[in-house]
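Comments concern the structure below.
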Amino acid sequence: MTNLSPAYVEGTTVLSQERLTEDVYRLTVATTTGGAPGQFYMVRAWEREPLLARPLSVHSVDEDTVSFLYQVRGRGTELLAHLEQGGTVALTGPLGHGFHTEELCGRIAIVTGGIGIAPMFCLARTLPSGDVTVIAGFKSAPYAVAQFVNLGVDVRIATEDGCDGTRGFCTEIFDPHIYDMVVTCGPMSMMARVAHLCAEASVPCQASLEAHMACGVGACLVCSCATVLGNQRVCADGPVFDATEVIWHA
Amino acid sequence: MTNLSPAYVEGTTVLSQERLTEDVYRLTVATTTGGAPGQFYMVRAWEREPLLARPLSVHSVDEDTVSFLYQVRGRGTELLAHLEQGGTVALTGPLGHGFHTEELCGRIAIVTGGIGIAPMFCLARTLPSGDVTVIAGFKSAPYAVAQFVNLGVDVRIATEDGCDGTRGFCTEIFDPHIYDMVVTCGPMSMMARVAHLCAEASVPCQASLEAHMACGVGACLVCSCATVLGNQRVCADGPVFDATEVIWHA
Amino acid sequence: MLETTLCGITLKNPVIAASGTFGFGAEYSEFFDVSRLGGICTKGLTLHPREGNPGLRVWETPAGMMNSVGLQNPGIPVFLERELPRMRTLGTAIIANIGGGDLEEYIEGVRLLSNVDGVDIIELNISCPNVREGGMAFGIKCDVAASVVAAVRPVCAKPLMVKLSPNAEDITAMAVACEQAGADAVSLVNTFKALAIDIHARKAVFDNVTAGLSGPCIKPIALRMVWEVANAIHIPVVGIGGIATWQDALEFIMAGATAVQVGTATFIKPTAMLDIVNGLEHYCADEHLTSLATVCNILGTETPLP
Amino acid sequence: MLETTLCGITLKNPVIAASGTFGFGAEYSEFFDVSRLGGICTKGLTLHPREGNPGLRVWETPAGMMNSVGLQNPGIPVFLERELPRMRTLGTAIIANIGGGDLEEYIEGVRLLSNVDGVDIIELNISCPNVREGGMAFGIKCDVAASVVAAVRPVCAKPLMVKLSPNAEDITAMAVACEQAGADAVSLVNTFKALAIDIHARKAVFDNVTAGLSGPCIKPIALRMVWEVANAIHIPVVGIGGIATWQDALEFIMAGATAVQVGTATFIKPTAMLDIVNGLEHYCADEHLTSLATVCNILGTETPLP
Ligand SMILES: Cc1cc2nc3c(=O)[nH]c(=O)nc-3n(C[C@H](O)[C@H](O)[C@H](O)COP(=O)(O)OP(=O)(O)OC[C@H]3O[C@@H](n4cnc5c(N)ncnc54)[C@H](O)[C@@H]3O)c2cc1C
Ligand SMILES: Cc1cc2nc3c(=O)[nH]c(=O)nc-3n(C[C@H](O)[C@H](O)[C@H](O)COP(=O)(O)OP(=O)(O)OC[C@H]3O[C@@H](n4cnc5c(N)ncnc54)[C@H](O)[C@@H]3O)c2cc1C
Ligand SMILES: Cc1cc2nc3c(=O)[nH]c(=O)nc-3n(C[C@H](O)[C@H](O)[C@H](O)COP(=O)(O)O)c2cc1C
Ligand SMILES: Cc1cc2nc3c(=O)[nH]c(=O)nc-3n(C[C@H](O)[C@H](O)[C@H](O)COP(=O)(O)O)c2cc1C
Ligand code: FES
Ligand code: FES
């Protein structure tokens, strides 16, 4: 899928804000700027504080809306959660290089931890559903999985507290050998584990990385991650990288 | 009237927010902390920015509410204007020394410029209405005057654009000689003029001064005004001063 | 748990009201039990009374404020007569902050404050940026600062804490010089020399042109300075600059501060210091610390950058 | 109206993208017409490529941010080959910002940049706080700074602008020293050395312990420094530090800056510099100014405080 080029737009209208769990929300805004799976926006719903915008992946997209799925972590996401229908946000995006969808064929595993599931819905929509398995780990109650089921995608769940699916980490119910391609997003430690399993099984893996960002567009170099090609910018060279290129323990 | 002692209370509920003109609002909050005429509160309706709270006079008070009458001037008052019923503010107050009501007898003139009318309603309520004349100046359309009329107080209006009452400044329709006591609040230049007229006519005058404030409680000394007694703190020694003690051109 | 010893004086806790932001302690007594504080620094005192600076005295900046009070104070004799007796009833340590126009004024001021009961520590302000002859010159160059400290040391019968300016050429060298000249502790930082311009009037906002910047905006720089100084001297360091929460206070302690002072945050919330004391108490309880000393100066002395 | 001459180079307007915040100009071309800018400073270049610092590189503070990028760059030869040709198509002045580990690296780097078309000004960064040997040491002491400037001057065929550190012991004396050593202009300030501590991990947030503070929080201090420097030297001053609006830019100009650089504000709003250019244009029109020079350095040289 082609990565779209970005714009900066203030005053984008909030169409809906849904609370999915205690701390997970889905925000839908009216914009035609779109986005490919794995691309993200820098989102700002406040004037001066915090200083920087927050990166959020495109969760779902259509001609004139974009949705974000996000978890409240700190001040920025807390302010996002205060938004109501009719409110406005400033958006910079879509940004970055998303998933290499042209490489995704055969049996595909989508392995996610927690809010790492966010970018996967718009990805799954572009894939032939019968070939896709989502293996999603959560701390406790799962969220945002029904929509995958609706797509006809096979969903397997692991929860740390055992409240749903298998008790434990998603990496424990993930066997790379039965897939041709793997994509992953979640905490770095979890993705490192997925990358390791895939490397052992010689299965290609695309990982969507996280980093603290300032500009989000590739200009400031604060979001670097160590790769075999040297330091790369998560925002502009990624966020999606070939997992074998990432130096996971750097 | 006795000046009440202050408290700091967060989460005071907004009971109503009325817009009186383009940029003048009346905010009523649920608090039992009260206030004497001329006392004020440090008001904060935001978390971090602007840094400091804003001083607002007690406009009206009863057992379990306090109202403020304010004009949007900058960022702080703009944020106040965004408050809606059910919202909350942090209040420090009531603060300062209000009008010396025990001295107010005989024929009393209340001379105000613009939003300087704010502290006068709760003052007028404590005075015998037949003895009081309000002489209020405005740039354009007057506000908050009907309530004085309802008290039975005589109200005379001057507007700079002549849209109501006499065209010109309120000081032009104010003759100190026909009063026994004068109280004034408004822009410093206007109060200086009132003070001058009163001094010439040997009529006692109480003026409620303005100053930029930080603490509002007398601890930081940033709000000083020059008086014949030396520098005084507007927040703690005032805001109401004997006009003859203020050095108006300092 | 929070008890702290600062140059021989026992403080209930390490949270002290910063000079010039807490008057003489009476004002905020209406809002909270000020005896719960570790101490109170008086408004900056000078031998003779001062009217302070004319013109506007306060201006807001992003996450900060500038002030140009200019050491308005009743003078030390009036302080001793009228304010100190009342302060002594507040139930917390009293730190007399003293400024001065010249060396003689400092010496005479310290002498007067030394002779009275009820002043626990003398804080020598060599760093006020808002007075023409008022100490800034003393706070820039190490040798000048050392000479002031050396001059007042013989007449100072109380613990002597020297308050350093972030405008000093080299604040670490300055702290070392003060230690060598006989200081019992240093406190830092005072306000940063800053400027604001009224673009409509086309002139400086303040009559004095520059004024002192304080508040959350300066915290990251102040914290760095405290860390550098704490690793360079052997006497206690009191951390100051933009502290608004218990987490901020803890950062200063971890950077090497024995105690902290809180200024601007009190304007934002009168009870801010109480929250800080309570927050530190909970932190110690949660982390099973018997004393904050356990987490004091834990970054180590290694300075990776020149 | 806004046309500005900076050491012989004509800029469309006085608004320049600050080094390290605008890449090599390509990234933000997607958001606005960067040819409307007065100029662009490149990311800090060094003779040899650098990977920059490991660990976290950014942290937010009240009204500011700290960064620890550490001069990651492809090296001057690669810059000249790959980035400069593209930059030259952007239609704005190109200012090559150069850092260095040692004197030799500075000299060789300046020599390389001097020999090419398309670089309009060389900005000598003697002030980056984020590289171990990377210039900070050069940016603290006047004599060291002067020696670097004197050393590169003979090999520098372009206008030479020296970027000063707010961490300098005496930034005014430093500017004077650079002027005497042959600088054609100075730009100030670079970031302030600052510290943040992760209280849960009980260690510094950054691997390097300290990092550089930028953004609106530093504006009042940077403005004061620009004013002091502008009144002490005769070469142009470029003002930098927390500029986010046209009003901020105008304050720096009134304080004596010939031009300004904008860094962090672009992260907050990609088109911030465009708004500043437009705002200054409207200001000039509204005030009937034919040039901003009319309002440059209007506070006067009188320094009421020592
Ligand atoms: C490309 C990209 C896409 C992302 N997409 C999503 C998404 O779709 N949904 C979602 O909920 N989150 C997403 N994130 C993470 C999200 O940006 C952070 O959770 C958010 O910035 C936290 O901001 P805050 O102010 O709420 O928390 P803060 O107070 O800033 O921090 C709270 C916690 O979050 C961590 N954190 C802060 N910023 C980041 C960051 N940029 N990346 C990783 N951790 C961070 C901090 O270290 C801290 O532990 C994405 C991050 C990146 C880099
Ligand atoms: C004791 C006292 C009582 C007051 N009572 C009222 C009241 O009842 N109703 C009302 O509308 N206003 C009142 N004011 C004035 C009010 O405090 C200011 O208008 C307000 O603080 C402006 O804040 P801002 O953030 O909106 O504007 P800012 O952006 O801070 O400033 C906008 C303009 O207002 C001026 N200003 C800012 N702060 C003050 C201040 N403290 N005093 C005077 N001018 C200031 C600035 O110089 C500027 O010109 C009172 C002021 C004092 C000192
Ligand atoms: C209004 C005001 C007045 C001050 N007066 C003094 C003073 O008289 N003596 C002094 O040593 N410091 C004085 N200071 C500096 C503070 O004590 C403190 O060092 C500085 O404000 C930084 O701390 P903060 O950021 O917590 O406010 C003053 C600060 C402010 C804001
Ligand atoms: C992420 C980042 C990287 C920077 N890199 C450089 C650099 O390579 N060279 C340099 O001279 N200054 C560098 N700076 C400093 C800026 O050019 C500027 O001097 C400083 O940020 C203050 O301006 P501001 O407050 O507008 O950001 C950098 C600043 C930031 C925020
Ligand atoms: S966030 Fe600026 S380069 Fe990635
Ligand atoms: S505002 Fe602090 S003394 Fe008046």
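Residues are referred to by chain and number: the chain letter is A, B, ... according to the order shown in the structure tokens, the number counts from 1 in that chain, and ligands are numbered separately from 1 in the order shown.
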(message) Taking only C-alpha atoms into account and nothing else, which residues of chain A lie no more than 6 Å away from chain D? Please answer as number ranges by chain.
(response) A: 7, 51-52, 214-215, 219-220, 222
Those residues you just picked out, can you put them in a file as a compact mmCIF listing (two decimals), in the first residue's frame with C-alpha atoms?
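And here's result-v1.txt as it stands now:
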```txt
# COMPACT_ATOMS: atom_id res chain seq x y z
CA ALA A 7 -0.41 17.63 5.84
CA LEU A 51 4.68 20.81 24.58
CA LEU A 52 4.74 18.09 21.95
CA ALA A 214 9.37 15.44 18.78
CA CYS A 215 8.89 16.42 15.12
CA ALA A 219 13.78 16.38 10.98
CA CYS A 220 15.03 16.20 14.56
CA VAL A 222 15.28 12.20 18.56
```
(request) For region 138-141 of chain A, work out the shell of residues within 10 Å, counting only C-alpha atoms and skipping chain neighbours fewer than 6 positions away, then give it as a PyMOL selection string. (result) chain A and resi 21-22+112-117+157-165+167-170
Would you export the selected residues with C-alpha atoms as a compact mmCIF listing (two decimals), in the first residue's frame, please?
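Listing of part_38.txt after writing:
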```txt
# COMPACT_ATOMS: atom_id res chain seq x y z
CA THR A 21 -12.39 -0.20 28.47
CA GLU A 22 -11.28 1.57 31.62
CA THR A 112 0.23 -7.80 19.17
CA GLY A 113 0.67 -6.81 22.78
CA GLY A 114 -1.79 -4.43 24.44
CA ILE A 115 -2.47 -1.26 22.49
CA GLY A 116 -0.12 -2.58 19.78
CA ILE A 117 -3.32 -3.90 18.25
CA ILE A 157 -6.11 -14.24 22.84
CA ALA A 158 -3.74 -14.41 25.76
CA THR A 159 -4.24 -12.44 28.94
CA GLU A 160 -1.74 -12.05 31.73
CA ASP A 161 -4.39 -12.45 34.40
CA GLY A 162 -6.13 -15.28 32.55
CA CYS A 163 -9.45 -13.46 32.45
CA ASP A 164 -9.88 -14.39 28.79
CA GLY A 165 -8.16 -16.76 26.33
CA ARG A 167 -3.27 -17.20 30.59
CA GLY A 168 0.15 -15.75 29.83
CA PHE A 169 1.87 -13.78 27.11
CA CYS A 170 0.84 -13.80 23.47
```
(message) Show me, as a PyMOL selection string, every residue of chain A with an atom at most 12 Å from chain B, counting only C-alpha atoms.
(response) chain A and resi 46-51+75+79
Write out, as an mmCIF file, in the first residue's frame, the residues just selected, with N, CA and C atoms.
```cif
data_model
loop_
_atom_site.group_PDB
_atom_site.id
_atom_site.type_symbol
_atom_site.label_atom_id
_atom_site.label_comp_id
_atom_site.auth_asym_id
_atom_site.auth_seq_id
_atom_site.Cartn_x
_atom_site.Cartn_y
_atom_site.Cartn_z
ATOM 1 N N TRP A 46 -4.557 20.055 22.586
ATOM 2 C CA TRP A 46 -4.345 21.045 23.654
ATOM 3 C C TRP A 46 -3.540 22.178 23.053
ATOM 4 N N GLU A 47 -3.488 23.282 23.777
ATOM 5 C CA GLU A 47 -2.811 24.435 23.209
ATOM 6 C C GLU A 47 -1.326 24.452 23.509
ATOM 7 N N ARG A 48 -0.967 24.446 24.800
ATOM 8 C CA ARG A 48 0.447 24.657 25.100
ATOM 9 C C ARG A 48 1.099 23.539 25.875
ATOM 10 N N GLU A 49 0.331 22.746 26.551
ATOM 11 C CA GLU A 49 0.936 21.831 27.486
ATOM 12 C C GLU A 49 0.205 20.506 27.440
ATOM 13 N N PRO A 50 0.841 19.355 27.203
ATOM 14 C CA PRO A 50 2.287 19.211 27.016
ATOM 15 C C PRO A 50 2.784 19.892 25.751
ATOM 16 N N LEU A 51 4.083 20.063 25.677
ATOM 17 C CA LEU A 51 4.683 20.808 24.583
ATOM 18 C C LEU A 51 4.480 20.116 23.240
ATOM 19 N N ARG A 75 -0.284 12.379 30.495
ATOM 20 C CA ARG A 75 -0.997 13.635 30.326
ATOM 21 C C ARG A 75 -1.599 13.821 28.925
ATOM 22 N N LEU A 79 -5.618 14.008 28.024
ATOM 23 C CA LEU A 79 -6.304 15.150 27.412
ATOM 24 C C LEU A 79 -7.066 14.713 26.164
#
```
(request) Would you mind listing the residues within 9 Å of ligand 1, counting only C-alpha atoms and all ligand atoms, as a PyMOL selection string? (result) (chain A and resi 24-25+38-43+50+52-59+68-80+95-96+114-119+187+208-214+216+223+234-235+238-240) or (chain D and resi 59-60)
(request) Please identify every residue of chain C that has at least one atom no more than 8 Å from any atom of chain D, counting only C-alpha atoms, and report them as number ranges by chain. (result) C: 61-64, 129-133, 136-137, 168-170, 192-199, 202-204, 208-210, 213, 216-218, 220-225, 247, 250-251, 254-255, 295, 298-299, 303-306
(message) So that I can see what lies close to Gly11 (chain B), please list as a count of residues only the residues with an atom at most 9 Å from it, counting only C-alpha atoms and leaving out residues fewer than 4 positions away in the same chain.
(response) 5
(request) Go ahead and compute the interatomic distance for CA of Leu2 (chain C) and CA of His288 (chain C), in Å to one decimal. (result) 12.3 Å
Could you pull out the alpha helix (DSSP H) residues of region 98-246 of chain A, going by DSSP on the backbone, and write them as a CSV table (one decimal) with C-alpha atoms, in the first residue's frame?
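Just written: out-v2.csv:
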```
chain,number,residue,atom,x,y,z
A,120,MET,CA,-3.6,-3.8,12.9
A,121,PHE,CA,-7.3,-3.3,12.1
A,122,CYS,CA,-6.7,-1.2,9.0
A,123,LEU,CA,-4.0,-3.7,8.0
A,124,ALA,CA,-6.2,-6.7,8.4
A,125,ARG,CA,-8.9,-5.0,6.2
A,146,ALA,CA,-14.5,-8.2,17.8
A,147,GLN,CA,-13.9,-6.1,14.7
A,148,PHE,CA,-11.3,-8.6,13.6
A,149,VAL,CA,-13.8,-11.5,14.1
A,150,ASN,CA,-16.3,-9.5,12.0
A,151,LEU,CA,-13.7,-9.4,9.2
A,188,MET,CA,9.6,-3.5,22.7
A,189,SER,CA,10.4,-6.5,24.9
A,190,MET,CA,7.5,-8.4,23.4
A,191,MET,CA,8.4,-7.5,19.8
A,192,ALA,CA,12.0,-8.5,20.5
A,193,ARG,CA,10.7,-11.9,21.5
A,194,VAL,CA,8.6,-12.2,18.4
A,195,ALA,CA,11.5,-11.1,16.2
A,196,HIS,CA,13.7,-13.7,17.9
A,197,LEU,CA,11.1,-16.5,17.4
A,198,CYS,CA,10.7,-15.5,13.7
A,199,ALA,CA,14.4,-15.4,13.1
A,200,GLU,CA,14.8,-18.8,14.5
A,201,ALA,CA,12.0,-20.1,12.3
```
(message) Let's see if you can do this: from backbone DSSP, list all strand (DSSP E or B) residues in region 11-194 of chain A, as a PyMOL selection string.
(response) chain A and resi 11-19+24-30+40-44+54-57+60-62+65-71+88-95+97+108-113+132-138+154-159+166-167+181-185
(request) Figure out the distance between CA of Cys142 (chain C) and CA of Ile253 (chain C), please, to one decimal in Å. (result) 25.1 Å
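Residues in contact with Ala109 (chain B) at 10 Å, where only C-alpha atoms are counted and same-chain residues fewer than 6 positions away are skipped, are listed as Asp131, Val132, Thr133, Val134, Ile135, Asp154, Val155, Phe174, Asp175, Pro176, Ile178, Tyr179, Asp180, Met181, Val182, Val183, Thr184 and Cys205 of chain B.
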(request) Tell me, in Å to one decimal, how far atom 37 (C, counted along the ligand's line) of ligand 2 is from CA of His97 (chain B). (result)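 These two atoms are separated by 20.2 Å.
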